[in-house]
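With compact mmCIF, C-alpha atoms and all ligand atoms inside, this is input32.txt:
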```txt
# COMPACT_ATOMS: atom_id res chain seq x y z
CA MET A 207 179.70 195.73 -45.50
CA ASP A 208 176.01 196.16 -46.18
CA ILE A 209 173.60 198.70 -44.78
CA VAL A 210 171.98 196.40 -42.26
CA GLN A 211 175.32 195.21 -40.89
CA THR A 212 176.45 198.81 -40.60
CA ALA A 213 173.23 199.67 -38.74
CA ARG A 214 173.76 196.73 -36.38
CA ASN A 215 177.27 197.93 -35.56
CA ILE A 216 176.06 201.45 -34.83
CA ILE A 217 173.08 200.30 -32.74
CA SER A 218 175.31 198.03 -30.72
CA LYS A 219 177.97 200.69 -30.11
CA ASN A 220 175.42 203.39 -29.29
CA SER A 221 173.38 201.22 -26.97
CA SER A 222 176.50 200.42 -24.96
CA ASN A 223 176.70 204.20 -24.40
CA GLY A 224 173.01 204.48 -23.55
CA ILE A 225 172.19 206.09 -26.94
CA ASP A 226 169.18 204.97 -28.95
CA ASP A 227 168.59 207.91 -31.28
CA PRO A 228 167.68 207.35 -34.95
CA PHE A 229 170.45 207.87 -37.50
CA TYR A 230 171.30 207.94 -41.17
CA ILE A 231 173.68 205.68 -43.05
CA LEU A 232 175.31 207.33 -46.05
CA ASN A 233 176.68 205.45 -49.04
CA LEU A 234 178.97 208.01 -50.69
CA GLU A 235 179.92 205.54 -53.40
CA ASP A 236 176.29 205.69 -54.55
CA VAL A 237 176.50 209.47 -54.96
CA LYS A 238 179.71 209.11 -56.93
CA GLN A 239 178.17 206.49 -59.21
CA LYS A 240 175.22 208.78 -59.85
CA TYR A 241 177.59 211.52 -60.90
CA GLU A 242 179.43 209.19 -63.28
CA ILE A 243 176.16 207.96 -64.78
CA TRP A 244 175.04 211.55 -65.30
CA LYS A 245 178.28 212.48 -67.07
CA GLU A 246 178.02 209.43 -69.30
CA LYS A 247 174.33 209.75 -70.15
CA ILE A 248 173.86 213.52 -70.42
CA PRO A 249 177.35 214.84 -71.17
CA ARG A 250 176.28 218.28 -72.41
CA VAL A 251 174.49 219.14 -69.17
CA VAL A 252 176.51 220.14 -66.09
CA PRO A 253 174.69 219.17 -62.90
CA TYR A 254 174.38 221.94 -60.29
CA TYR A 255 173.32 219.92 -57.26
CA ALA A 256 170.28 221.39 -55.42
CA VAL A 257 171.62 221.82 -51.88
CA LYS A 258 168.11 222.04 -50.43
CA CYS A 259 167.63 218.34 -51.10
CA ASN A 260 170.30 217.19 -48.64
CA ASP A 261 173.06 219.39 -47.26
CA ASP A 262 175.25 216.66 -45.78
CA GLU A 263 178.74 218.14 -45.89
CA ARG A 264 180.29 214.92 -47.23
CA VAL A 265 177.90 214.80 -50.18
CA LEU A 266 178.62 218.44 -50.96
CA LYS A 267 182.38 217.93 -50.72
CA LEU A 268 182.28 214.88 -52.92
CA LEU A 269 180.17 216.55 -55.60
CA SER A 270 182.40 219.59 -55.46
CA ASN A 271 185.52 217.40 -55.89
CA LEU A 272 183.89 215.63 -58.81
CA GLY A 273 183.23 218.94 -60.57
CA ALA A 274 179.53 219.58 -60.00
CA GLY A 275 178.09 223.06 -59.58
CA PHE A 276 175.50 223.99 -56.97
CA ASP A 277 171.96 225.34 -56.96
CA CYS A 278 171.54 227.42 -53.80
CA ALA A 279 168.32 228.98 -52.56
CA SER A 280 169.54 231.12 -49.66
CA LYS A 281 172.52 232.79 -48.04
CA LYS A 282 173.05 229.85 -45.70
CA GLU A 283 173.24 227.46 -48.63
CA PHE A 284 175.63 229.51 -50.73
CA THR A 285 177.81 230.30 -47.70
CA GLN A 286 178.10 226.57 -47.02
CA ILE A 287 179.17 225.97 -50.61
CA LEU A 288 181.59 228.92 -50.74
CA ASN A 289 183.17 227.66 -47.51
CA LEU A 290 184.07 224.47 -49.34
CA GLY A 291 186.17 226.60 -51.66
CA VAL A 292 183.78 226.41 -54.60
CA ASP A 293 184.15 229.22 -57.13
CA PRO A 294 181.05 231.50 -57.18
CA GLU A 295 180.94 230.85 -60.93
CA ARG A 296 179.86 227.28 -60.10
CA ILE A 297 176.81 228.49 -58.14
CA ILE A 298 173.36 229.47 -59.37
CA TYR A 299 171.15 231.34 -56.93
CA ALA A 300 168.00 229.54 -58.11
CA HIS A 301 165.25 231.19 -56.12
CA THR A 302 162.87 233.56 -57.86
CA ALA A 303 161.89 235.36 -54.61
CA LYS A 304 165.13 236.30 -52.88
CA GLN A 305 165.34 237.67 -49.37
CA LEU A 306 166.89 241.14 -49.66
CA SER A 307 169.84 240.55 -47.32
CA HIS A 308 170.57 237.28 -49.12
CA LEU A 309 170.56 239.04 -52.47
CA LYS A 310 172.98 241.67 -51.15
CA ALA A 311 175.20 238.91 -49.74
CA ALA A 312 175.19 237.17 -53.13
CA ALA A 313 176.37 240.44 -54.70
CA ASP A 314 179.14 240.78 -52.07
CA GLU A 315 180.26 237.21 -52.63
CA GLY A 316 180.38 237.55 -56.41
CA ILE A 317 177.56 235.08 -57.10
CA GLN A 318 176.26 236.27 -60.41
CA LYS A 319 173.93 233.70 -61.91
CA MET A 320 170.41 233.94 -60.51
CA THR A 321 166.85 233.25 -61.59
CA PHE A 322 163.78 235.50 -61.69
CA ASP A 323 160.25 235.10 -63.05
CA CYS A 324 158.67 238.57 -62.81
CA GLU A 325 159.45 242.25 -63.27
CA GLU A 326 159.27 242.94 -59.55
CA GLU A 327 162.13 240.54 -58.80
CA LEU A 328 164.10 242.00 -61.66
CA GLN A 329 163.73 245.47 -60.10
CA LYS A 330 165.11 244.09 -56.84
CA ILE A 331 168.07 242.55 -58.62
CA LYS A 332 168.69 245.77 -60.56
CA LYS A 333 168.82 247.70 -57.30
CA PHE A 334 170.98 245.37 -55.22
CA HIS A 335 172.97 243.41 -57.78
CA PRO A 336 172.87 245.36 -61.05
CA TYR A 337 175.56 243.32 -62.80
CA ALA A 338 173.98 239.94 -62.07
CA LYS A 339 173.65 237.41 -64.87
CA VAL A 340 169.92 236.84 -64.79
CA VAL A 341 168.11 233.71 -65.95
CA LEU A 342 164.40 233.85 -66.72
CA ARG A 343 162.48 230.93 -65.22
CA ILE A 344 159.53 229.81 -67.29
CA ARG A 345 156.76 227.53 -66.11
CA PHE A 346 156.74 224.16 -67.81
CA ASP A 347 154.90 221.55 -65.76
CA ALA A 348 155.26 217.81 -66.24
CA LYS A 349 151.99 215.89 -66.59
CA THR A 350 152.91 213.98 -63.45
CA SER A 351 155.23 214.90 -60.62
CA PHE A 352 155.41 214.26 -56.92
CA VAL A 353 155.36 218.00 -56.20
CA ASN A 354 154.41 220.43 -58.96
CA LEU A 355 156.33 223.68 -58.52
CA GLY A 356 154.47 225.44 -61.35
CA PRO A 357 151.70 227.18 -59.37
CA LYS A 358 154.33 229.11 -57.41
CA PHE A 359 157.27 229.60 -59.76
CA GLY A 360 157.92 230.41 -63.39
CA CYS A 361 156.31 232.78 -65.86
CA ASN A 362 154.14 231.74 -68.79
CA PRO A 363 156.52 230.98 -71.68
CA ILE A 364 154.16 232.40 -74.30
CA THR A 365 152.27 235.28 -72.72
CA GLU A 366 154.80 236.57 -70.17
CA ALA A 367 158.33 235.49 -71.06
CA PRO A 368 158.76 237.58 -74.25
CA LYS A 369 157.64 240.68 -72.37
CA LEU A 370 160.11 239.99 -69.57
CA ILE A 371 162.91 239.52 -72.08
CA GLN A 372 162.03 242.90 -73.54
CA ILE A 373 162.00 244.44 -70.06
CA CYS A 374 165.50 243.07 -69.43
CA LYS A 375 166.66 244.88 -72.53
CA GLU A 376 164.98 248.13 -71.50
CA MET A 377 166.49 247.87 -67.99
CA ASP A 378 169.89 246.98 -69.40
CA MET A 379 170.00 243.78 -67.37
CA ASN A 380 172.38 241.02 -68.37
CA LEU A 381 169.90 238.30 -69.34
CA ILE A 382 171.97 235.20 -70.12
CA GLY A 383 169.34 232.51 -70.56
CA ILE A 384 166.23 230.57 -69.60
CA SER A 385 165.46 228.01 -66.90
CA PHE A 386 162.57 225.72 -65.98
CA HIS A 387 161.73 223.08 -63.41
CA VAL A 388 159.15 220.51 -64.53
CA GLY A 389 158.27 219.38 -60.98
CA THR A 390 160.06 217.11 -58.57
CA ALA A 391 160.17 213.35 -59.22
CA THR A 392 158.49 213.19 -62.62
CA THR A 393 157.77 210.15 -64.77
CA ASP A 394 156.85 212.37 -67.72
CA TYR A 395 160.18 212.10 -69.55
CA LYS A 396 158.85 213.79 -72.69
CA VAL A 397 158.34 217.07 -70.87
CA TYR A 398 162.07 217.88 -71.01
CA GLY A 399 162.03 217.80 -74.81
CA ASN A 400 158.97 220.03 -75.03
CA ALA A 401 160.42 222.46 -72.52
CA LEU A 402 163.70 222.68 -74.44
CA ASP A 403 161.72 223.45 -77.61
CA ALA A 404 160.00 226.29 -75.74
CA VAL A 405 163.37 227.59 -74.54
CA ARG A 406 164.64 227.62 -78.13
CA LYS A 407 161.68 229.79 -79.17
CA LEU A 408 162.61 232.29 -76.48
CA PHE A 409 166.25 232.30 -77.62
CA ASP A 410 164.96 233.10 -81.12
CA PHE A 411 162.70 235.84 -79.80
CA ALA A 412 165.60 237.39 -77.86
CA GLU A 413 167.65 237.39 -81.05
CA THR A 414 165.01 239.55 -82.74
CA LEU A 415 165.84 242.12 -80.02
CA ASP A 416 169.56 241.73 -80.67
CA MET A 417 169.99 239.87 -77.41
CA LYS A 418 172.21 236.81 -77.50
CA LEU A 419 171.30 234.19 -74.92
CA ASN A 420 173.77 231.39 -74.23
CA PHE A 421 172.60 229.63 -71.08
CA VAL A 422 169.94 226.95 -70.47
CA ASP A 423 169.01 225.52 -67.08
CA ILE A 424 166.80 222.40 -67.27
CA GLY A 425 166.09 222.28 -63.50
CA GLY A 426 165.53 219.08 -61.52
CA GLY A 427 162.84 216.44 -61.26
CA PHE A 428 164.99 213.34 -61.84
CA MET A 429 164.39 210.36 -59.59
CA GLY A 430 167.36 208.55 -58.16
CA ASP A 431 165.85 205.10 -57.91
CA ASN A 432 164.68 204.47 -61.45
CA PRO A 433 167.56 203.94 -63.91
CA GLU A 434 165.27 202.96 -66.81
CA LEU A 435 163.31 206.15 -66.49
CA PHE A 436 166.56 208.12 -66.23
CA ASN A 437 167.74 206.54 -69.50
CA LYS A 438 164.56 207.69 -71.22
CA ILE A 439 164.92 211.19 -69.80
CA ALA A 440 168.57 211.30 -70.88
CA LEU A 441 167.67 210.28 -74.44
CA THR A 442 164.90 212.86 -74.60
CA ILE A 443 167.19 215.61 -73.33
CA ASN A 444 170.09 214.72 -75.62
CA THR A 445 167.82 214.62 -78.67
CA ALA A 446 166.22 217.93 -77.77
CA ILE A 447 169.61 219.54 -77.18
CA ASP A 448 170.88 218.33 -80.57
CA ARG A 449 167.71 219.66 -82.18
CA ASN A 450 167.68 223.05 -80.46
CA PHE A 451 171.18 223.82 -79.22
CA PRO A 452 173.71 222.01 -81.40
CA SER A 453 176.36 224.65 -80.74
CA GLU A 454 178.72 223.86 -77.85
CA ASP A 455 178.78 227.61 -77.15
CA ILE A 456 175.49 227.24 -75.33
CA GLU A 457 176.12 226.38 -71.69
CA ILE A 458 173.56 223.93 -70.35
CA ILE A 459 173.11 223.13 -66.68
CA SER A 460 170.57 221.31 -64.50
CA GLU A 461 169.57 221.49 -60.84
CA PRO A 462 169.15 217.85 -59.78
CA GLY A 463 168.45 217.22 -56.12
CA ARG A 464 166.88 213.85 -55.42
CA TYR A 465 168.72 212.15 -58.30
CA PHE A 466 172.00 212.33 -56.37
CA VAL A 467 170.89 211.43 -52.85
CA ASP A 468 167.65 209.40 -53.03
CA THR A 469 169.28 205.99 -52.73
CA ALA A 470 172.44 207.09 -50.91
CA PHE A 471 170.86 207.38 -47.46
CA SER A 472 169.01 204.96 -45.20
CA VAL A 473 167.38 205.84 -41.89
CA ALA A 474 167.48 203.54 -38.87
CA ALA A 475 164.77 204.03 -36.24
CA GLN A 476 163.90 202.23 -33.03
CA VAL A 477 160.49 200.80 -32.11
CA ILE A 478 159.67 202.71 -28.92
CA LEU A 479 156.17 201.30 -28.37
CA LYS A 480 154.10 198.42 -29.66
CA LYS A 481 150.44 198.19 -28.77
CA LYS A 482 147.26 196.56 -30.02
CA SER A 483 144.71 198.88 -31.56
CA GLU A 484 140.97 198.47 -30.97
CA ASP A 485 140.52 196.96 -34.43
CA GLY A 486 143.15 194.30 -33.74
CA GLN A 487 146.03 195.63 -35.78
CA ILE A 488 149.41 196.50 -34.31
CA TYR A 489 150.38 200.08 -33.65
CA TYR A 490 154.11 200.78 -33.67
CA PHE A 491 155.54 204.06 -32.46
CA ILE A 492 159.08 204.65 -33.72
CA ASN A 493 161.57 207.42 -32.94
CA GLU A 494 161.33 208.85 -36.44
CA SER A 495 158.54 211.10 -37.66
CA THR A 496 156.82 212.95 -40.45
CA TYR A 497 158.36 216.01 -38.77
CA LEU A 498 161.79 214.39 -39.16
CA SER A 499 162.84 212.36 -42.21
CA PHE A 500 159.37 211.37 -43.44
CA CYS A 501 158.19 214.83 -44.45
CA TYR A 502 155.66 215.67 -47.14
CA TYR A 503 158.40 215.73 -49.80
CA THR A 504 159.26 212.08 -49.11
CA ASP A 505 157.50 209.58 -51.33
CA LYS A 506 156.23 207.25 -48.61
CA GLU A 507 154.52 205.00 -51.16
CA LYS A 508 157.93 203.64 -52.07
CA LEU A 509 158.47 201.91 -48.71
CA LYS A 510 161.67 199.83 -48.73
CA TYR A 511 162.91 198.55 -45.42
CA SER A 512 164.86 195.94 -43.45
CA VAL A 513 164.23 194.98 -39.85
CA ILE A 514 166.76 194.36 -37.10
CA LYS A 515 165.31 192.23 -34.36
CA LYS A 516 166.98 192.07 -30.98
CA SER A 517 165.80 188.61 -30.17
CA ASN A 518 166.20 186.78 -33.43
CA ILE A 519 168.59 188.72 -35.55
CA ASN A 520 168.25 186.84 -38.81
CA GLY A 521 164.76 185.41 -38.47
CA ASP A 522 161.80 186.52 -40.56
CA SER A 523 158.69 187.13 -38.55
CA GLU A 524 155.14 186.79 -39.76
CA LYS A 525 153.62 189.91 -41.30
CA LYS A 526 150.64 191.45 -39.52
CA LEU A 527 148.33 194.35 -40.25
CA SER A 528 150.10 197.35 -38.75
CA THR A 529 150.24 201.14 -38.52
CA ILE A 530 153.50 202.99 -37.97
CA TRP A 531 153.21 206.21 -36.01
CA GLY A 532 155.86 208.89 -35.59
CA CYS A 533 157.26 209.80 -32.20
CA THR A 534 155.73 213.27 -31.72
CA CYS A 535 152.48 214.11 -29.91
CA SER A 536 150.85 215.09 -33.20
CA SER A 537 148.12 212.69 -34.31
CA LEU A 538 148.93 213.68 -37.90
CA ASP A 539 152.31 212.10 -37.38
CA LYS A 540 151.61 208.79 -39.04
CA MET A 541 153.99 207.24 -41.57
CA TYR A 542 152.17 204.13 -42.72
CA SER A 543 148.61 202.93 -42.10
CA ASP A 544 147.13 199.50 -42.51
CA ILE A 545 150.20 197.83 -43.97
CA GLU A 546 151.35 194.25 -43.69
CA PHE A 547 154.52 194.49 -41.62
CA PRO A 548 156.78 191.93 -39.91
CA GLU A 549 155.96 191.66 -36.23
CA LEU A 550 158.44 193.61 -34.11
CA GLU A 551 159.01 194.28 -30.44
CA ILE A 552 160.04 197.34 -28.47
CA ASP A 553 163.75 198.10 -29.09
CA ASP A 554 163.76 196.34 -32.46
CA TRP A 555 164.91 198.60 -35.28
CA ILE A 556 163.67 199.36 -38.78
CA VAL A 557 166.06 200.50 -41.49
CA PHE A 558 164.24 202.52 -44.15
CA HIS A 559 166.06 202.66 -47.48
CA ASN A 560 166.18 205.39 -50.16
CA MET A 561 165.66 208.18 -47.67
CA GLY A 562 168.17 210.77 -48.87
CA ALA A 563 165.91 213.27 -50.58
CA TYR A 564 164.33 216.08 -48.57
CA SER A 565 164.75 214.26 -45.27
CA ARG A 566 167.45 215.83 -43.12
CA THR A 567 167.03 219.33 -44.58
CA ILE A 568 163.28 219.48 -43.86
CA SER A 569 163.55 217.62 -40.56
CA SER A 570 162.70 219.74 -37.48
CA ASP A 571 163.19 219.35 -33.73
CA PHE A 572 159.43 219.31 -33.08
CA ASN A 573 158.67 217.93 -29.62
CA GLY A 574 162.40 217.74 -28.91
CA PHE A 575 162.99 214.75 -31.18
CA SER A 576 165.69 214.95 -33.79
CA ASN A 577 167.76 212.91 -36.20
CA ARG A 578 171.13 214.56 -36.55
CA ASN A 579 173.70 211.77 -36.86
CA SER A 580 174.78 210.16 -40.06
CA TYR A 581 177.41 207.46 -40.43
CA LEU A 582 179.18 206.23 -43.51
CA LEU A 583 178.26 202.85 -44.90
CA GLY A 584 180.74 200.30 -43.56
CA TRP A 585 181.13 202.09 -40.24
CA ASN A 586 182.44 200.00 -37.42
CA GLU A 587 184.23 200.90 -34.23
CA LYS A 588 187.67 200.38 -35.69
CA SER A 589 186.92 202.27 -38.88
CA ASP A 590 185.56 205.42 -37.23
CA ARG A 591 187.61 207.21 -39.75
CA LYS A 592 188.39 210.75 -40.59
CA SER A 593 189.24 210.15 -44.21
CA PHE A 594 187.67 208.06 -46.90
CA THR A 595 188.74 206.95 -50.34
CA LEU A 596 186.22 206.42 -53.11
CA SER A 597 188.29 204.80 -55.85
CA TYR A 598 189.83 208.05 -57.12
CA VAL A 599 188.43 210.67 -54.72
CA GLN A 600 190.15 211.11 -51.38
CA MET A 601 187.95 212.85 -48.80
CA GLU A 602 188.90 214.23 -45.40
CA PHE A 603 186.20 214.69 -42.75
C1 LIG B 1 164.52 225.65 -57.97
C2 LIG B 1 164.69 224.21 -57.69
N1 LIG B 1 165.71 223.58 -58.30
C3 LIG B 1 165.94 222.27 -58.09
C4 LIG B 1 165.17 221.54 -57.23
C5 LIG B 1 165.49 220.08 -57.03
O1 LIG B 1 164.51 219.30 -57.57
P1 LIG B 1 164.64 217.71 -57.62
O2 LIG B 1 164.97 217.26 -56.24
O3 LIG B 1 163.32 217.26 -58.09
O4 LIG B 1 165.71 217.38 -58.59
C6 LIG B 1 164.06 222.14 -56.59
C7 LIG B 1 163.18 221.38 -55.71
O5 LIG B 1 162.25 221.86 -55.12
C8 LIG B 1 163.84 223.52 -56.83
O6 LIG B 1 162.84 224.16 -56.22
```

Please, can you express the file's structure as structure tokens?
Amino acid sequence: MDIVQTARNIISKNSSNGIDDPFYILNLEDVKQKYEIWKEKIPRVVPYYAVKCNDDERVLKLLSNLGAGFDCASKKEFTQILNLGVDPERIIYAHTAKQLSHLKAAADEGIQKMTFDCEEELQKIKKFHPYAKVVLRIRFDAKTSFVNLGPKFGCNPITEAPKLIQICKEMDMNLIGISFHVGTATTDYKVYGNALDAVRKLFDFAETLDMKLNFVDIGGGFMGDNPELFNKIALTINTAIDRNFPSEDIEIISEPGRYFVDTAFSVAAQVILKKKSEDGQIYYFINESTYLSFCYYTDKEKLKYSVIKKSNINGDSEKKLSTIWGCTCSSLDKMYSDIEFPELEIDDWIVFHNMGAYSRTISSDFNGFSNRNSYLLGWNEKSDRKSFTLSYVQMEF
């Protein structure tokens, strides 16, 4: 069953119960395929899924069953992962500014791998988690990315990193390796090769201090909706690994977020008001929002949608100049301005595709609106199931 048919089933069932809230549709098979593609294309690199990107329990369970690790940024995230029965060894605490109680909890839980990018954070780790396996995060920005993380995280690989490696030695900290994050959703595939070259230089420097590093973390940044680009990135990474880290003794991981969930989720939202604007275009208000799934981390330029019309279910309607506003009282809450959009009526629905990344985790309850329900693709009343089989993975919910 396709996404739109699934949405129709849910809308119909909910409306018979007086419910018209927005909801997600999750295609778990898509997540599984992404995992398989990753293993095939970049076999040396173990993906540690970035929980911050989408913490849907079913996605986490599936990735855990498939053998992924997890990048966690806080106590809540690593507790959620530990509660799934994941070994702490398969977690990296990848936040370079850790809240103290979270750091202590990580120590209590036996989470050892964690990143840092300055001496001050290292001092904190030394005090609260002295036997941690620390990973130095360097800054290595892609030329283009949707959000550049470099201004906030990562030390300079040339002027700061060698000093920090030396400090680790002086403090007797267990430095295991180097990480970077080139920025989220990059098209600059070459950056991974250059960054891996820089990591190699730091491995060599550490060796001059008799420190043996054996861990590389290539971060995230991979889009989930561009297979050609992913192929180029995979080739770049594999070549750079062969060049710099031919030995299988070097453990290499990544922290992909959006790659796994981008295309796995759609959002269905109801038109709650249609009105004419002064300039003649149509204003739609829908019960989704930039404070819900359409946050600043969502690439709204890539609008992909289907419409579900109450009156004429299969008919195409003429496109008209339109603006789509979110449901809150904020006038900043505008998703799309001045776009050509099929004419809709109140209580018609729009299904927005490729909405899995940074939607539900950033979503707030601002103004009392929320989007908390997600249904599996194929849902219908009879199949409101508690277990689900994805060719070889059996999941219980
Ligand atoms: C430390 C860290 N790792 C991984 C990710 C995931 O990045 P992406 O979704 O681009 O793969 C992020 C995103 O902000 C991050 O901050």

Counting only C-alpha atoms, what is within 7 Å of range 261-267 of chain A, bar same-chain residues fewer than 3 positions away, as a short mmCIF file (atom, residue, chain, number, x, y, z; two decimals) with C-alpha atoms, in the coordinates of the input?
```
data_model
loop_
_atom_site.label_atom_id
_atom_site.label_comp_id
_atom_site.auth_asym_id
_atom_site.auth_seq_id
_atom_site.Cartn_x
_atom_site.Cartn_y
_atom_site.Cartn_z
CA LEU A 234 178.97 208.01 -50.69
CA VAL A 257 171.62 221.82 -51.88
CA LYS A 258 168.11 222.04 -50.43
CA SER A 270 182.40 219.59 -55.46
CA ASN A 271 185.52 217.40 -55.89
CA LEU A 290 184.07 224.47 -49.34
CA THR A 567 167.03 219.33 -44.58
#
```

Within 8 Å of ligand LIG 1 (chain B) (counting all atoms listed in the file), which residues show up? I'd like them as a PyMOL selection string.
chain A and resi 255-256+258-259+277+279+300-301+353+355+387+389-392+425-429+460-465+563-564

Neighbours of Val292 in chain A within 12 Å (all atoms listed in the file; same-chain residues fewer than 6 positions away dropped), as a list in words?
Tyr254, Leu266, Lys267, Leu268, Leu269, Ser270, Asn271, Leu272, Gly273, Ala274, Gly275, Phe276, Phe284, Thr285, Gln286, Ile298, Glu315, Gly316 and Ile317 of chain A

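Here CA of Glu454 in chain A stands at a distance of 22.1 Å from CA of Asn437 in chain A.
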
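For the pair CA of Leu509 in chain A and CA of Ile243 in chain A, the separation is 24.7 Å.
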
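Remark: for Ser453 in chain A, the closest of the candidate residues A:Asn432, A:Asn420, A:Ser307, A:Gln318 is A:Asn420 (distances computed over only C-alpha atoms).
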
Identify, on the basis of only C-alpha atoms, every residue whose closest approach to Asn573 in chain A does not exceed 10 Å; exclude the query and any residue fewer than 6 positions from it along the same chain; express the result as a ChimeraX atom specification.
/A:497,533-536

Which residue out of A:Lys526, A:His335, A:Arg449, A:Lys540 has the minimum interatomic distance to Lys506 in chain A when all atoms listed in the file are used?
A:Lys540

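Considering only C-alpha atoms, the residue among A:Ala401, A:Gly291, A:Phe334, A:Pro368 positioned nearest to Ala312 in chain A is A:Phe334.
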
Residues near Ser576 in chain A, anyone? I mean within 12 Å using all atoms listed in the file, not counting same-chain ones fewer than 3 positions away, as a PDB file with C-alpha atoms, in the frame of the given file.
```
ATOM      1  CA  ASP A 226     169.180 204.970 -28.950  1.00  0.00           C
ATOM      2  CA  ASP A 227     168.590 207.910 -31.280  1.00  0.00           C
ATOM      3  CA  PRO A 228     167.680 207.350 -34.950  1.00  0.00           C
ATOM      4  CA  PHE A 229     170.450 207.870 -37.500  1.00  0.00           C
ATOM      5  CA  TYR A 230     171.300 207.940 -41.170  1.00  0.00           C
ATOM      6  CA  ALA A 475     164.770 204.030 -36.240  1.00  0.00           C
ATOM      7  CA  ASN A 493     161.570 207.420 -32.940  1.00  0.00           C
ATOM      8  CA  GLU A 494     161.330 208.850 -36.440  1.00  0.00           C
ATOM      9  CA  SER A 495     158.540 211.100 -37.660  1.00  0.00           C
ATOM     10  CA  THR A 496     156.820 212.950 -40.450  1.00  0.00           C
ATOM     11  CA  TYR A 497     158.360 216.010 -38.770  1.00  0.00           C
ATOM     12  CA  LEU A 498     161.790 214.390 -39.160  1.00  0.00           C
ATOM     13  CA  SER A 499     162.840 212.360 -42.210  1.00  0.00           C
ATOM     14  CA  GLY A 532     155.860 208.890 -35.590  1.00  0.00           C
ATOM     15  CA  CYS A 533     157.260 209.800 -32.200  1.00  0.00           C
ATOM     16  CA  THR A 534     155.730 213.270 -31.720  1.00  0.00           C
ATOM     17  CA  SER A 565     164.750 214.260 -45.270  1.00  0.00           C
ATOM     18  CA  ARG A 566     167.450 215.830 -43.120  1.00  0.00           C
ATOM     19  CA  THR A 567     167.030 219.330 -44.580  1.00  0.00           C
ATOM     20  CA  ILE A 568     163.280 219.480 -43.860  1.00  0.00           C
ATOM     21  CA  SER A 569     163.550 217.620 -40.560  1.00  0.00           C
ATOM     22  CA  SER A 570     162.700 219.740 -37.480  1.00  0.00           C
ATOM     23  CA  ASP A 571     163.190 219.350 -33.730  1.00  0.00           C
ATOM     24  CA  PHE A 572     159.430 219.310 -33.080  1.00  0.00           C
ATOM     25  CA  ASN A 573     158.670 217.930 -29.620  1.00  0.00           C
ATOM     26  CA  ASN A 579     173.700 211.770 -36.860  1.00  0.00           C
TER      27      ASN A 579
END
```

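Using only C-alpha atoms, the smallest distance between any of A:Ile459, A:Val251, A:Val210, A:Leu550 and Arg296 in chain A comes from A:Ile459.
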
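Using all atoms listed in the file, the smallest distance between any of A:Cys278, A:Val388, A:Val422, A:Ile530 and Asp455 in chain A comes from A:Val422.
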
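In this structure, CA of Asp468 in chain A sits 24.4 Å away from CA of Lys281 in chain A.
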
Surrounding residues of Gly562 in chain A excluding itself and chain neighbours under 6 positions, 7 Å, all atoms listed in the file, as a compact mmCIF listing (two decimals) with C-alpha atoms, in the frame of the given file:
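The resulting file, out.txt, is reproduced below:
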```
# COMPACT_ATOMS: atom_id res chain seq x y z
CA ASN A 260 170.30 217.19 -48.64
CA VAL A 467 170.89 211.43 -52.85
CA ASP A 468 167.65 209.40 -53.03
CA THR A 469 169.28 205.99 -52.73
CA ALA A 470 172.44 207.09 -50.91
CA PHE A 471 170.86 207.38 -47.46
CA SER A 472 169.01 204.96 -45.20
```

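The nearest approach to Ala412 in chain A among the residues A:Gln372, A:Ser580, A:Ser537, A:Asn444, with only C-alpha atoms taken into account, belongs to A:Gln372.
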
Hey, can you pull every residue with an atom no more than 12 Å from (167.4, 196.4, -44.9), using all atoms listed in the file, and send it as number ranges by chain?
A: 208-214, 231, 471-475, 509-515, 520, 555-560

Give me range 554-562 of chain A with N, CA and C atoms filled in, as a short mmCIF file (atom, residue, chain, number, x, y, z; two decimals), keeping the file's coordinate frame.
```
data_model
loop_
_atom_site.label_atom_id
_atom_site.label_comp_id
_atom_site.auth_asym_id
_atom_site.auth_seq_id
_atom_site.Cartn_x
_atom_site.Cartn_y
_atom_site.Cartn_z
N ASP A 554 163.33 196.78 -31.13
CA ASP A 554 163.76 196.34 -32.46
C ASP A 554 163.94 197.59 -33.31
N TRP A 555 164.62 197.44 -34.42
CA TRP A 555 164.91 198.60 -35.28
C TRP A 555 164.41 198.35 -36.70
N ILE A 556 164.05 199.44 -37.36
CA ILE A 556 163.67 199.36 -38.78
C ILE A 556 164.65 200.24 -39.55
N VAL A 557 165.19 199.69 -40.63
CA VAL A 557 166.06 200.50 -41.49
C VAL A 557 165.27 200.81 -42.76
N PHE A 558 164.98 202.08 -42.97
CA PHE A 558 164.24 202.52 -44.15
C PHE A 558 165.25 202.93 -45.22
N HIS A 559 165.09 202.38 -46.42
CA HIS A 559 166.06 202.66 -47.48
C HIS A 559 165.56 203.79 -48.39
N ASN A 560 166.48 204.31 -49.19
CA ASN A 560 166.18 205.39 -50.16
C ASN A 560 165.53 206.59 -49.48
N MET A 561 166.21 207.08 -48.47
CA MET A 561 165.66 208.18 -47.67
C MET A 561 166.50 209.46 -47.75
N GLY A 562 167.25 209.63 -48.84
CA GLY A 562 168.17 210.77 -48.87
C GLY A 562 167.54 212.09 -49.28
#
```
